[in-house]
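Only one structure is covered here, and it is reproduced in the block below.
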Amino acid sequence: MSPAVHSIREPESFDPERVKRDFPIFEHATDPQRLHYLDNAATTHKPGAVVDAITSSYTQCYAPIHRGLYPLAEQATSQYERARRTLQHFIGASSPEALVFTASATEAINMVASGWLKPRLCSGDVVWVSRMEHHSNYLPWQRVCRESGAELRFIELTREGQLDLDSSRELFAERSKFIALCHVSNVLGIENPVAALCAEANEHGIPVLVDAAQSVSHLEIDVSAMGCDFLVFSAHKMFGPTGIGLLYGREDRLADMEPLQVGGGMVDIVGDATRESCWAEIPARFEAGSPDMPGAAGFAAAAEYLAGLGREGVRRHIASLTQFAAEQLRTIPDISLLPHPELPSSGIVSFTHRSLHPHDLAQVAGEAGVAIRAGHHCAQPLLNHLGLAATTRASFSIYNDASDVEALIDAILTAQKVFCE
């Protein structure tokens with residue numbers, strides 16, 4: 001038997017059991033009672049409203065956008081731009097032109113790294129990332145620094161896993177040209193003080209990119225209040241479809257940015273061999289090719305669905321459930337939580353077991369219907385810093401509740417019996 005699982009108090013306005021009924025995956029699973037999906041940091045499931053929006057886009061108003069003059073094409077264009085406006089309001093942007101649809105958060109970061117930062121970097125300049133970054137918010141900066149002769153530095157962490165700004169005294173120095181960091185770590189689950197960091201960076205004229213992939217599903221994002229220059233996230237991590245993401249950029253930054261991809265739809269005039277081509281206005285110049293209009297419709301539907309749940313209720317539910325999971329994991333003597341066990345987390349609990357390899361634990365859990373993640377979580381610089389090769393990670397979302405935590409604890413105890421007794 002598992003340790004006693006104490007009840008958690010849900011906000012009166014939030015009912016995870018009702019929310020769960022909105023997600024077809026749980027209804028159509030082979031055994032819905034055995035599906036405890038705790039890999040939400042990797043990707044989230046889709047509510048019926050998102051599936052319906054995508055289906056409706058394909059079946060009722062599908063046509064090339066920004067191209068045709070016939071009614072169906074105009075309807076498709078209207079839906080696509082309406083999705084952009086929905087997401088504008090969702091993140092508190094001042095203008096829809098500040099939002100660029102991308103294939104993913106990864107592509108959005110690469111667009112900024114190659115199209116905005118690289119032309120401005122010189123040998124001796126410094127670009128900063130935090131030690132806790134996902135590879136997607138590390139490798140693009142590593143490459144442009146290598147190609148330009150600039151230096152890539154880490155904002156290191158305290159023993160508790162938080163940003164150690166006191167030891168990064170040169171962060172706002174004259175040589176610093178750019179800062180990129182996550183809003184919430186995909187391994188540590190720690191929420192970084194991005195607004196405060198952006199405020200100080202702005203005083204020194206240093207642009208900041210915030211990776212909101214792990215926060216957008218449960219924390220309210222307001223780019224105006226945050227004060228960032230760029231912000232990225234993917235739809236699939238906030239209950240939307242795969243294959244589409246978003247880049248927010250201050251309009252003056254976007255106006256100075258070169259397109260990463262060139263082709264149809266992003267150009268006004270195409271010159272011949274002796275004549276320059278002329279890019280379209282923002283954001284069109286960054287959306288080469290045929291845009292994913294059904295994806296944008298699903299993206300907007302996900303934002304509307306989240307807004308309808310009440311962002312504060314979502315935040316409180318995730319915080320409460322994460323703290324509850326950490327408390328239950330601490331009842332198992334061989335479990336060590338990352339970072340310090342007393343720190344609150346934001347939807348993510350990573351841990352190690354003294355005798356169990358994370359992959360063995362994840363396999364046993366999977367056989368019991370508990371979907372968790374094991375590995376380095378695309379954050380090798382962080383795990384190398386911690387002296388670890390892998391961890392086990394459980395990540396929580398709006399359709400999770402105490403029964404999922406109890407199933408996780410049972411799975412760990414079962415794995416201990418299989419491998420340790």
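Residues are named by chain letter and number: chains run A, B, ... in the order of the structure tokens, numbers start at 1 in each chain, and ligands are numbered from 1 in the order shown.
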Applying 12 Å and only C-alpha atoms, which residues near Glu147 in chain A remain after dropping the ones on its own chain fewer than 2 positions away? List them as a PyMOL selection string.
chain A and resi 113-114+117-123+140-145+149-152
Residue subset to file, keeping N, CA and C atoms, as a short mmCIF file (atom, residue, chain, number, x, y, z; two decimals), in the first residue's frame:
```cif
data_model
loop_
_atom_site.label_atom_id
_atom_site.label_comp_id
_atom_site.auth_asym_id
_atom_site.auth_seq_id
_atom_site.Cartn_x
_atom_site.Cartn_y
_atom_site.Cartn_z
N ALA A 113 17.68 34.43 -32.97
CA ALA A 113 19.13 34.26 -32.89
C ALA A 113 19.80 34.60 -34.22
N SER A 114 19.27 34.06 -35.31
CA SER A 114 19.90 34.25 -36.62
C SER A 114 19.48 35.54 -37.30
N LEU A 117 19.84 38.76 -33.66
CA LEU A 117 21.05 38.92 -32.87
C LEU A 117 22.33 38.77 -33.68
N LYS A 118 22.40 37.75 -34.52
CA LYS A 118 23.66 37.46 -35.20
C LYS A 118 24.22 38.66 -35.97
N PRO A 119 23.42 39.43 -36.73
CA PRO A 119 23.99 40.58 -37.45
C PRO A 119 24.54 41.66 -36.52
N ARG A 120 24.19 41.60 -35.24
CA ARG A 120 24.60 42.64 -34.29
C ARG A 120 25.74 42.19 -33.37
N LEU A 121 26.16 40.93 -33.48
CA LEU A 121 27.19 40.40 -32.60
C LEU A 121 28.57 40.60 -33.20
N CYS A 122 29.51 40.92 -32.33
CA CYS A 122 30.91 41.07 -32.74
C CYS A 122 31.78 40.27 -31.78
N SER A 123 32.99 40.02 -32.18
CA SER A 123 33.95 39.34 -31.33
C SER A 123 34.12 40.13 -30.03
N PRO A 140 20.82 27.59 -30.17
CA PRO A 140 20.85 28.69 -31.15
C PRO A 140 21.82 29.80 -30.76
N TRP A 141 21.90 30.10 -29.47
CA TRP A 141 22.82 31.15 -29.00
C TRP A 141 24.26 30.66 -29.04
N GLN A 142 24.46 29.38 -28.74
CA GLN A 142 25.80 28.82 -28.85
C GLN A 142 26.31 28.92 -30.28
N ARG A 143 25.44 28.64 -31.24
CA ARG A 143 25.87 28.67 -32.64
C ARG A 143 26.20 30.09 -33.11
N VAL A 144 25.33 31.07 -32.81
CA VAL A 144 25.61 32.41 -33.30
C VAL A 144 26.82 33.01 -32.61
N CYS A 145 27.07 32.62 -31.36
CA CYS A 145 28.28 33.10 -30.69
C CYS A 145 29.52 32.50 -31.34
N GLY A 149 32.19 34.98 -32.99
CA GLY A 149 33.30 35.23 -32.08
C GLY A 149 32.87 35.80 -30.75
N ALA A 150 31.56 35.85 -30.51
CA ALA A 150 31.06 36.33 -29.22
C ALA A 150 31.21 35.23 -28.18
N GLU A 151 30.99 35.59 -26.93
CA GLU A 151 31.14 34.66 -25.82
C GLU A 151 29.77 34.34 -25.23
N LEU A 152 29.51 33.06 -25.00
CA LEU A 152 28.27 32.64 -24.36
C LEU A 152 28.55 32.32 -22.90
#
```
If we count only C-alpha atoms and set the cut-off at 9 Å, which residues sit around range 107-111 of chain A, ignoring sequence neighbours fewer than 5 positions away in its own chain? Please answer as a PyMOL selection string.
chain A and resi 100-102+116+136-137+139-141+209+211+230-233+245-248+257-261+286
Keeping C-alpha atoms, export the residues of the selection given above as a CSV table (one decimal), in the first residue's frame.
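File written: selection.csv
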```csv
chain,number,residue,atom,x,y,z
A,100,VAL,CA,4.4,35.9,-35.6
A,101,PHE,CA,3.1,32.4,-36.1
A,102,THR,CA,6.0,29.9,-36.2
A,116,TRP,CA,18.1,39.7,-35.1
A,136,SER,CA,16.2,24.9,-27.6
A,137,ASN,CA,17.1,28.0,-25.7
A,139,LEU,CA,22.0,25.8,-28.9
A,140,PRO,CA,20.9,28.7,-31.1
A,141,TRP,CA,22.8,31.2,-29.0
A,209,LEU,CA,14.1,36.8,-24.8
A,211,ASP,CA,11.0,31.2,-23.2
A,230,PHE,CA,10.9,38.7,-27.3
A,231,LEU,CA,8.8,35.9,-26.0
A,232,VAL,CA,8.2,32.4,-27.4
A,233,PHE,CA,6.0,29.4,-26.7
A,245,GLY,CA,4.1,28.2,-32.1
A,246,LEU,CA,4.3,31.9,-31.5
A,247,LEU,CA,7.0,34.6,-31.5
A,248,TYR,CA,6.2,37.9,-29.8
A,257,MET,CA,15.0,41.6,-37.9
A,258,GLU,CA,15.9,39.7,-41.0
A,259,PRO,CA,13.6,36.7,-42.0
A,260,LEU,CA,15.0,33.3,-41.3
A,261,GLN,CA,13.1,31.8,-44.2
A,286,PHE,CA,8.3,36.2,-41.1
```
Write down as a PyMOL selection string the residues belonging to range 121-318 of chain A that are assigned strand (DSSP E or B) by DSSP computed on the backbone.
chain A and resi 126-130+151-155+157+163+176-182+184+191+208-211+230-234+245-249+267-269+278-279
For the selection you just gave me, I'd like the residues written to a file as a compact mmCIF listing (two decimals), in the first residue's frame, keeping C-alpha atoms.
```txt
# COMPACT_ATOMS: atom_id res chain seq x y z
CA VAL A 126 28.67 38.46 -24.47
CA VAL A 127 25.35 36.59 -24.66
CA TRP A 128 23.85 35.21 -21.46
CA VAL A 129 21.63 32.19 -20.87
CA SER A 130 20.67 30.60 -17.58
CA GLU A 151 31.14 34.66 -25.82
CA LEU A 152 28.27 32.64 -24.36
CA ARG A 153 28.01 32.74 -20.58
CA PHE A 154 25.78 31.09 -17.99
CA ILE A 155 23.76 32.77 -15.29
CA LEU A 157 22.25 28.85 -9.94
CA LEU A 163 19.18 32.26 -10.53
CA SER A 176 26.49 42.11 -22.62
CA LYS A 177 24.39 42.22 -25.79
CA PHE A 178 21.56 39.76 -25.13
CA ILE A 179 19.93 37.67 -22.39
CA ALA A 180 17.81 34.56 -23.01
CA LEU A 181 16.13 32.61 -20.22
CA CYS A 182 13.12 30.48 -19.45
CA VAL A 184 9.83 28.25 -15.81
CA GLU A 191 9.65 30.28 -11.88
CA VAL A 208 15.80 39.89 -23.35
CA LEU A 209 14.10 36.82 -24.80
CA VAL A 210 11.81 34.81 -22.51
CA ASP A 211 10.99 31.17 -23.23
CA PHE A 230 10.90 38.73 -27.30
CA LEU A 231 8.78 35.88 -25.96
CA VAL A 232 8.19 32.42 -27.42
CA PHE A 233 5.97 29.41 -26.74
CA SER A 234 4.39 26.44 -28.51
CA GLY A 245 4.13 28.21 -32.09
CA LEU A 246 4.34 31.92 -31.47
CA LEU A 247 7.00 34.59 -31.48
CA TYR A 248 6.17 37.86 -29.78
CA GLY A 249 8.55 40.70 -30.47
CA VAL A 267 7.74 39.42 -50.00
CA ASP A 268 6.19 42.41 -51.74
CA ILE A 269 8.59 42.80 -54.67
CA CYS A 278 11.50 43.92 -50.85
CA TRP A 279 10.07 42.12 -47.83
```
Determine, counting only C-alpha atoms, which protein, DNA and RNA residues have an atom within 6 Å of an atom of range 69-83 of chain A; residues of the same chain fewer than 2 positions away are not included. Present the result as a list in words.
Cys61, Tyr62, Ala63, Pro64, Ile65, His66, Arg85, Thr86, Met293, Ala296, Ala297 and Ala300 of chain A
Given the selection you just returned, output its residues as a file containing C-alpha atoms, formatted as a CSV table (one decimal), in the first residue's frame.
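The resulting file, selection.csv, is reproduced below:
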```csv
chain,number,residue,atom,x,y,z
A,61,CYS,CA,-13.5,27.5,-44.2
A,62,TYR,CA,-10.3,26.0,-45.6
A,63,ALA,CA,-8.7,28.0,-48.4
A,64,PRO,CA,-5.4,29.8,-49.1
A,65,ILE,CA,-5.1,32.8,-46.8
A,66,HIS,CA,-3.9,36.3,-47.9
A,85,ARG,CA,-5.8,38.8,-32.3
A,86,THR,CA,-7.0,36.2,-29.8
A,293,MET,CA,-4.5,28.2,-40.8
A,296,ALA,CA,-3.8,28.8,-35.8
A,297,ALA,CA,-7.5,28.2,-35.3
A,300,ALA,CA,-6.7,30.3,-30.6
```
Residue contacts of range 337-341 of chain A (9 Å, only C-alpha atoms) excluding same-chain residues fewer than 3 positions away, as a VMD selection string:
chain A and resid 159 to 162 187 to 190 326 to 327 329 to 330 344 349 to 353 391
Selection from above, N, CA and C atoms, as a compact mmCIF listing (two decimals), in the first residue's frame, can you write it?
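Here's the written file part-v8.txt:
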```txt
# COMPACT_ATOMS: atom_id res chain seq x y z
N ARG A 159 22.30 27.02 -4.64
CA ARG A 159 22.11 25.63 -4.22
C ARG A 159 20.65 25.23 -4.29
N GLU A 160 19.76 26.21 -4.15
CA GLU A 160 18.32 25.93 -4.21
C GLU A 160 17.78 25.93 -5.64
N GLY A 161 18.64 26.14 -6.61
CA GLY A 161 18.22 26.06 -8.00
C GLY A 161 17.73 27.36 -8.59
N GLN A 162 17.81 28.46 -7.84
CA GLN A 162 17.36 29.74 -8.35
C GLN A 162 18.51 30.48 -9.04
N VAL A 187 12.96 21.35 -15.92
CA VAL A 187 13.49 20.31 -15.02
C VAL A 187 13.23 20.67 -13.56
N LEU A 188 13.55 21.88 -13.19
CA LEU A 188 13.44 22.29 -11.78
C LEU A 188 12.05 22.79 -11.41
N GLY A 189 11.29 23.22 -12.41
CA GLY A 189 9.96 23.74 -12.12
C GLY A 189 9.98 25.09 -11.42
N ILE A 190 11.12 25.75 -11.42
CA ILE A 190 11.25 27.04 -10.73
C ILE A 190 10.83 28.17 -11.66
N ALA A 326 5.04 16.88 -4.17
CA ALA A 326 6.35 16.96 -3.52
C ALA A 326 6.28 16.42 -2.09
N GLU A 327 5.21 16.75 -1.39
CA GLU A 327 5.05 16.26 -0.02
C GLU A 327 4.96 14.74 0.01
N LEU A 329 6.10 12.59 -2.28
CA LEU A 329 7.36 11.99 -2.69
C LEU A 329 8.37 12.00 -1.54
N ARG A 330 8.31 13.01 -0.70
CA ARG A 330 9.23 13.10 0.43
C ARG A 330 8.97 12.03 1.49
N PRO A 344 8.94 25.62 -3.49
CA PRO A 344 7.75 25.30 -4.29
C PRO A 344 8.13 25.14 -5.76
N VAL A 349 7.87 18.35 -10.91
CA VAL A 349 8.66 17.78 -9.82
C VAL A 349 9.64 16.79 -10.44
N SER A 350 10.93 17.07 -10.33
CA SER A 350 11.97 16.15 -10.79
C SER A 350 12.64 15.53 -9.57
N PHE A 351 13.01 14.25 -9.69
CA PHE A 351 13.58 13.58 -8.54
C PHE A 351 14.48 12.42 -8.98
N THR A 352 15.30 11.98 -8.05
CA THR A 352 16.11 10.79 -8.24
C THR A 352 15.81 9.80 -7.12
N HIS A 353 16.12 8.55 -7.38
CA HIS A 353 15.95 7.50 -6.39
C HIS A 353 17.31 6.87 -6.14
N THR A 391 17.12 12.20 -14.57
CA THR A 391 16.19 12.27 -13.45
C THR A 391 14.84 11.74 -13.91
```
Backbone-only DSSP, helix (DSSP H, G or I) members of range 51-274 of chain A, as a VMD selection string:
chain A and resid 51 to 60 71 to 91 96 to 98 105 to 120 135 to 137 139 to 148 165 to 167 194 to 203 223 to 226 235 to 238 251 to 255
Could you save the residues just selected, with C-alpha atoms, as an mmCIF file, in the first residue's frame?
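Output (selection-v5.cif):
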```
data_model
loop_
_atom_site.group_PDB
_atom_site.id
_atom_site.type_symbol
_atom_site.label_atom_id
_atom_site.label_comp_id
_atom_site.auth_asym_id
_atom_site.auth_seq_id
_atom_site.Cartn_x
_atom_site.Cartn_y
_atom_site.Cartn_z
ATOM 1 C CA VAL A 51 -10.214 19.437 -31.950
ATOM 2 C CA ASP A 52 -13.520 20.957 -33.087
ATOM 3 C CA ALA A 53 -11.839 24.224 -34.108
ATOM 4 C CA ILE A 54 -9.296 22.400 -36.250
ATOM 5 C CA THR A 55 -11.963 20.180 -37.817
ATOM 6 C CA SER A 56 -14.195 23.173 -38.513
ATOM 7 C CA SER A 57 -11.324 25.011 -40.159
ATOM 8 C CA TYR A 58 -10.684 22.107 -42.531
ATOM 9 C CA THR A 59 -14.333 21.359 -43.256
ATOM 10 C CA GLN A 60 -15.969 24.795 -43.312
ATOM 11 C CA PRO A 71 -15.403 34.518 -50.316
ATOM 12 C CA LEU A 72 -13.994 31.234 -49.000
ATOM 13 C CA ALA A 73 -10.429 32.557 -49.084
ATOM 14 C CA GLU A 74 -11.512 35.780 -47.418
ATOM 15 C CA GLN A 75 -13.242 33.757 -44.700
ATOM 16 C CA ALA A 76 -10.073 31.715 -44.139
ATOM 17 C CA THR A 77 -7.949 34.858 -43.945
ATOM 18 C CA SER A 78 -10.363 36.384 -41.470
ATOM 19 C CA GLN A 79 -10.150 33.284 -39.244
ATOM 20 C CA TYR A 80 -6.355 33.282 -39.369
ATOM 21 C CA GLU A 81 -6.037 36.926 -38.398
ATOM 22 C CA ARG A 82 -8.741 36.543 -35.764
ATOM 23 C CA ALA A 83 -6.593 33.807 -34.209
ATOM 24 C CA ARG A 84 -3.664 36.232 -34.121
ATOM 25 C CA ARG A 85 -5.794 38.826 -32.324
ATOM 26 C CA THR A 86 -7.012 36.222 -29.826
ATOM 27 C CA LEU A 87 -3.437 35.351 -28.936
ATOM 28 C CA GLN A 88 -2.523 39.028 -28.807
ATOM 29 C CA HIS A 89 -5.042 39.533 -26.012
ATOM 30 C CA PHE A 90 -4.035 36.231 -24.387
ATOM 31 C CA ILE A 91 -0.477 37.483 -23.786
ATOM 32 C CA PRO A 96 -1.431 41.858 -33.385
ATOM 33 C CA GLU A 97 1.466 42.841 -35.668
ATOM 34 C CA ALA A 98 3.808 41.993 -32.792
ATOM 35 C CA ALA A 105 9.041 27.786 -29.904
ATOM 36 C CA THR A 106 12.310 26.283 -31.138
ATOM 37 C CA GLU A 107 11.905 27.864 -34.554
ATOM 38 C CA ALA A 108 10.971 31.175 -32.956
ATOM 39 C CA ILE A 109 14.189 31.225 -30.921
ATOM 40 C CA ASN A 110 16.247 30.384 -33.997
ATOM 41 C CA MET A 111 14.550 33.217 -35.870
ATOM 42 C CA VAL A 112 15.637 35.718 -33.238
ATOM 43 C CA ALA A 113 19.129 34.258 -32.889
ATOM 44 C CA SER A 114 19.903 34.253 -36.619
ATOM 45 C CA GLY A 115 17.696 37.073 -37.843
ATOM 46 C CA TRP A 116 18.071 39.663 -35.098
ATOM 47 C CA LEU A 117 21.053 38.924 -32.865
ATOM 48 C CA LYS A 118 23.659 37.457 -35.201
ATOM 49 C CA PRO A 119 23.995 40.579 -37.446
ATOM 50 C CA ARG A 120 24.605 42.636 -34.287
ATOM 51 C CA HIS A 135 18.587 22.894 -25.404
ATOM 52 C CA SER A 136 16.221 24.889 -27.640
ATOM 53 C CA ASN A 137 17.102 28.033 -25.712
ATOM 54 C CA LEU A 139 21.975 25.768 -28.914
ATOM 55 C CA PRO A 140 20.852 28.687 -31.150
ATOM 56 C CA TRP A 141 22.817 31.153 -29.002
ATOM 57 C CA GLN A 142 25.800 28.816 -28.846
ATOM 58 C CA ARG A 143 25.875 28.671 -32.637
ATOM 59 C CA VAL A 144 25.608 32.409 -33.305
ATOM 60 C CA CYS A 145 28.281 33.096 -30.686
ATOM 61 C CA ARG A 146 30.605 30.581 -32.295
ATOM 62 C CA GLU A 147 29.995 32.050 -35.746
ATOM 63 C CA SER A 148 30.501 35.657 -34.615
ATOM 64 C CA LEU A 165 22.309 37.009 -9.960
ATOM 65 C CA ASP A 166 24.770 38.048 -7.246
ATOM 66 C CA SER A 167 27.486 35.895 -8.831
ATOM 67 C CA VAL A 194 11.701 37.561 -15.474
ATOM 68 C CA ALA A 195 9.921 40.906 -14.982
ATOM 69 C CA ALA A 196 12.552 42.156 -12.549
ATOM 70 C CA LEU A 197 15.372 40.952 -14.773
ATOM 71 C CA CYS A 198 13.802 42.553 -17.858
ATOM 72 C CA ALA A 199 13.401 45.851 -16.016
ATOM 73 C CA GLU A 200 17.087 46.010 -15.109
ATOM 74 C CA ALA A 201 18.165 44.813 -18.558
ATOM 75 C CA ASN A 202 16.061 47.546 -20.173
ATOM 76 C CA GLU A 203 17.855 50.166 -18.087
ATOM 77 C CA VAL A 223 4.333 40.782 -22.168
ATOM 78 C CA SER A 224 3.667 44.461 -21.557
ATOM 79 C CA ALA A 225 4.017 44.048 -17.799
ATOM 80 C CA MET A 226 6.912 41.620 -18.196
ATOM 81 C CA ALA A 235 0.717 25.618 -28.856
ATOM 82 C CA HIS A 236 1.094 21.931 -28.022
ATOM 83 C CA LYS A 237 2.254 22.701 -24.484
ATOM 84 C CA MET A 238 -0.930 24.693 -23.769
ATOM 85 C CA GLU A 251 7.597 45.947 -33.079
ATOM 86 C CA ASP A 252 10.802 47.976 -33.276
ATOM 87 C CA ARG A 253 12.792 44.769 -32.766
ATOM 88 C CA LEU A 254 10.823 42.894 -35.412
ATOM 89 C CA ALA A 255 11.201 45.780 -37.849
#
```
Among the residues A:Asp256, A:Glu27, A:Glu312, A:Asp410, the one that comes closest to Ile398 in chain A [using only C-alpha atoms]:
A:Glu312
Length of the CA of Ala394 in chain A to CA of Ala374 in chain A vector [Å]
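Separating CA of Ala394 in chain A from CA of Ala374 in chain A is a distance of 9.1 Å.
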Extract, using only C-alpha atoms, all DNA, RNA and protein residues at most 12 Å from range 355-368 of chain A, discarding same-chain residues fewer than 6 positions from it, and format them as a ChimeraX atom specification.
/A:31,33-39,333-336,374-377,388-394,404-421
Could you save the residues just selected, with N, CA and C atoms, as a tab-separated table (two decimals), in the first residue's frame?
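So the final result, stored in result24.tsv, reads:
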```tsv
chain	number	residue	atom	x	y	z
A	31	ASP	N	-8.12	1.91	-21.09
A	31	ASP	CA	-8.62	1.83	-19.72
A	31	ASP	C	-8.46	3.20	-19.09
A	33	GLN	N	-9.32	4.55	-16.46
A	33	GLN	CA	-8.97	4.59	-15.04
A	33	GLN	C	-7.48	4.39	-14.81
A	34	ARG	N	-6.77	3.86	-15.82
A	34	ARG	CA	-5.34	3.58	-15.66
A	34	ARG	C	-4.47	4.59	-16.40
A	35	LEU	N	-5.05	5.62	-16.98
A	35	LEU	CA	-4.25	6.62	-17.66
A	35	LEU	C	-4.00	7.80	-16.72
A	36	HIS	N	-2.82	7.84	-16.17
A	36	HIS	CA	-2.42	8.95	-15.29
A	36	HIS	C	-1.32	9.70	-16.03
A	37	TYR	N	-1.71	10.70	-16.78
A	37	TYR	CA	-0.77	11.38	-17.66
A	37	TYR	C	-0.04	12.47	-16.90
A	38	LEU	N	1.25	12.23	-16.65
A	38	LEU	CA	2.08	13.16	-15.89
A	38	LEU	C	3.33	13.55	-16.69
A	39	ASP	N	3.15	13.75	-17.99
A	39	ASP	CA	4.24	14.19	-18.86
A	39	ASP	C	3.85	15.47	-19.57
A	333	PRO	N	11.79	7.41	1.63
A	333	PRO	CA	13.13	7.80	2.10
A	333	PRO	C	14.19	7.88	1.01
A	334	ASP	N	14.11	7.04	-0.02
A	334	ASP	CA	15.16	6.99	-1.03
A	334	ASP	C	15.00	8.04	-2.13
A	335	ILE	N	13.95	8.84	-2.06
A	335	ILE	CA	13.69	9.87	-3.07
A	335	ILE	C	14.38	11.17	-2.68
A	336	SER	N	15.04	11.79	-3.66
A	336	SER	CA	15.60	13.14	-3.48
A	336	SER	C	15.00	14.04	-4.54
A	374	ALA	N	11.70	10.19	-18.08
A	374	ALA	CA	13.02	9.91	-17.51
A	374	ALA	C	14.08	10.29	-18.53
A	375	GLY	N	15.16	10.90	-18.07
A	375	GLY	CA	16.24	11.28	-18.96
A	375	GLY	C	16.85	12.60	-18.53
A	376	HIS	N	17.51	13.25	-19.50
A	376	HIS	CA	18.11	14.55	-19.19
A	376	HIS	C	17.20	15.71	-19.57
A	377	HIS	N	16.04	15.41	-20.17
A	377	HIS	CA	15.01	16.40	-20.44
A	377	HIS	C	15.51	17.55	-21.33
A	388	LEU	N	24.41	14.81	-12.52
A	388	LEU	CA	23.43	13.76	-12.79
A	388	LEU	C	23.40	13.44	-14.29
A	389	ALA	N	23.12	12.19	-14.60
A	389	ALA	CA	22.94	11.80	-16.00
A	389	ALA	C	21.47	11.84	-16.39
A	390	ALA	N	20.58	11.64	-15.42
A	390	ALA	CA	19.14	11.59	-15.71
A	390	ALA	C	18.37	11.79	-14.42
A	391	THR	N	17.12	12.20	-14.57
A	391	THR	CA	16.19	12.27	-13.45
A	391	THR	C	14.84	11.74	-13.91
A	392	THR	N	13.98	11.51	-12.95
A	392	THR	CA	12.58	11.20	-13.25
A	392	THR	C	11.78	12.49	-13.05
A	393	ARG	N	10.84	12.73	-13.95
A	393	ARG	CA	10.07	13.98	-13.88
A	393	ARG	C	8.58	13.68	-13.98
A	394	ALA	N	7.83	14.24	-13.06
A	394	ALA	CA	6.37	14.23	-13.13
A	394	ALA	C	5.92	15.67	-13.31
A	404	ASP	N	-3.85	10.97	-9.40
A	404	ASP	CA	-2.66	10.79	-10.23
A	404	ASP	C	-1.40	10.74	-9.37
A	405	VAL	N	-1.37	11.54	-8.33
A	405	VAL	CA	-0.23	11.52	-7.41
A	405	VAL	C	-0.19	10.18	-6.67
A	406	GLU	N	-1.33	9.70	-6.24
A	406	GLU	CA	-1.38	8.41	-5.54
A	406	GLU	C	-0.90	7.30	-6.46
A	407	ALA	N	-1.29	7.35	-7.73
A	407	ALA	CA	-0.84	6.33	-8.69
A	407	ALA	C	0.67	6.40	-8.88
A	408	LEU	N	1.23	7.61	-8.89
A	408	LEU	CA	2.67	7.77	-9.02
A	408	LEU	C	3.39	7.15	-7.82
A	409	ILE	N	2.90	7.41	-6.63
A	409	ILE	CA	3.52	6.85	-5.42
A	409	ILE	C	3.45	5.33	-5.45
A	410	ASP	N	2.30	4.78	-5.83
A	410	ASP	CA	2.16	3.33	-5.92
A	410	ASP	C	3.15	2.74	-6.92
A	411	ALA	N	3.35	3.44	-8.04
A	411	ALA	CA	4.26	2.95	-9.07
A	411	ALA	C	5.70	2.92	-8.56
A	412	ILE	N	6.08	3.94	-7.80
A	412	ILE	CA	7.44	3.97	-7.25
A	412	ILE	C	7.64	2.82	-6.26
A	413	LEU	N	6.65	2.58	-5.42
A	413	LEU	CA	6.76	1.49	-4.45
A	413	LEU	C	6.81	0.14	-5.15
A	414	THR	N	6.06	0.01	-6.24
A	414	THR	CA	6.12	-1.23	-7.02
A	414	THR	C	7.49	-1.41	-7.64
A	415	ALA	N	8.04	-0.35	-8.19
A	415	ALA	CA	9.38	-0.43	-8.80
A	415	ALA	C	10.42	-0.80	-7.75
A	416	GLN	N	10.27	-0.30	-6.53
A	416	GLN	CA	11.21	-0.67	-5.46
A	416	GLN	C	11.16	-2.17	-5.18
A	417	LYS	N	9.96	-2.72	-5.20
A	417	LYS	CA	9.82	-4.15	-4.96
A	417	LYS	C	10.44	-4.97	-6.09
A	418	VAL	N	10.28	-4.49	-7.31
A	418	VAL	CA	10.80	-5.23	-8.47
A	418	VAL	C	12.32	-5.20	-8.51
A	419	PHE	N	12.92	-4.03	-8.24
A	419	PHE	CA	14.35	-3.88	-8.46
A	419	PHE	C	15.20	-3.88	-7.18
A	420	CYS	N	14.55	-3.65	-6.04
A	420	CYS	CA	15.35	-3.44	-4.83
A	420	CYS	C	15.16	-4.52	-3.76
A	421	GLU	N	14.25	-5.43	-3.97
A	421	GLU	CA	14.02	-6.44	-2.93
A	421	GLU	C	14.44	-7.83	-3.43
```
Do you have the CA of Val19 in chain A-CA of Ser320 in chain A distance handy?
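Computed distance, CA of Val19 in chain A to CA of Ser320 in chain A, equals 16.3 Å.
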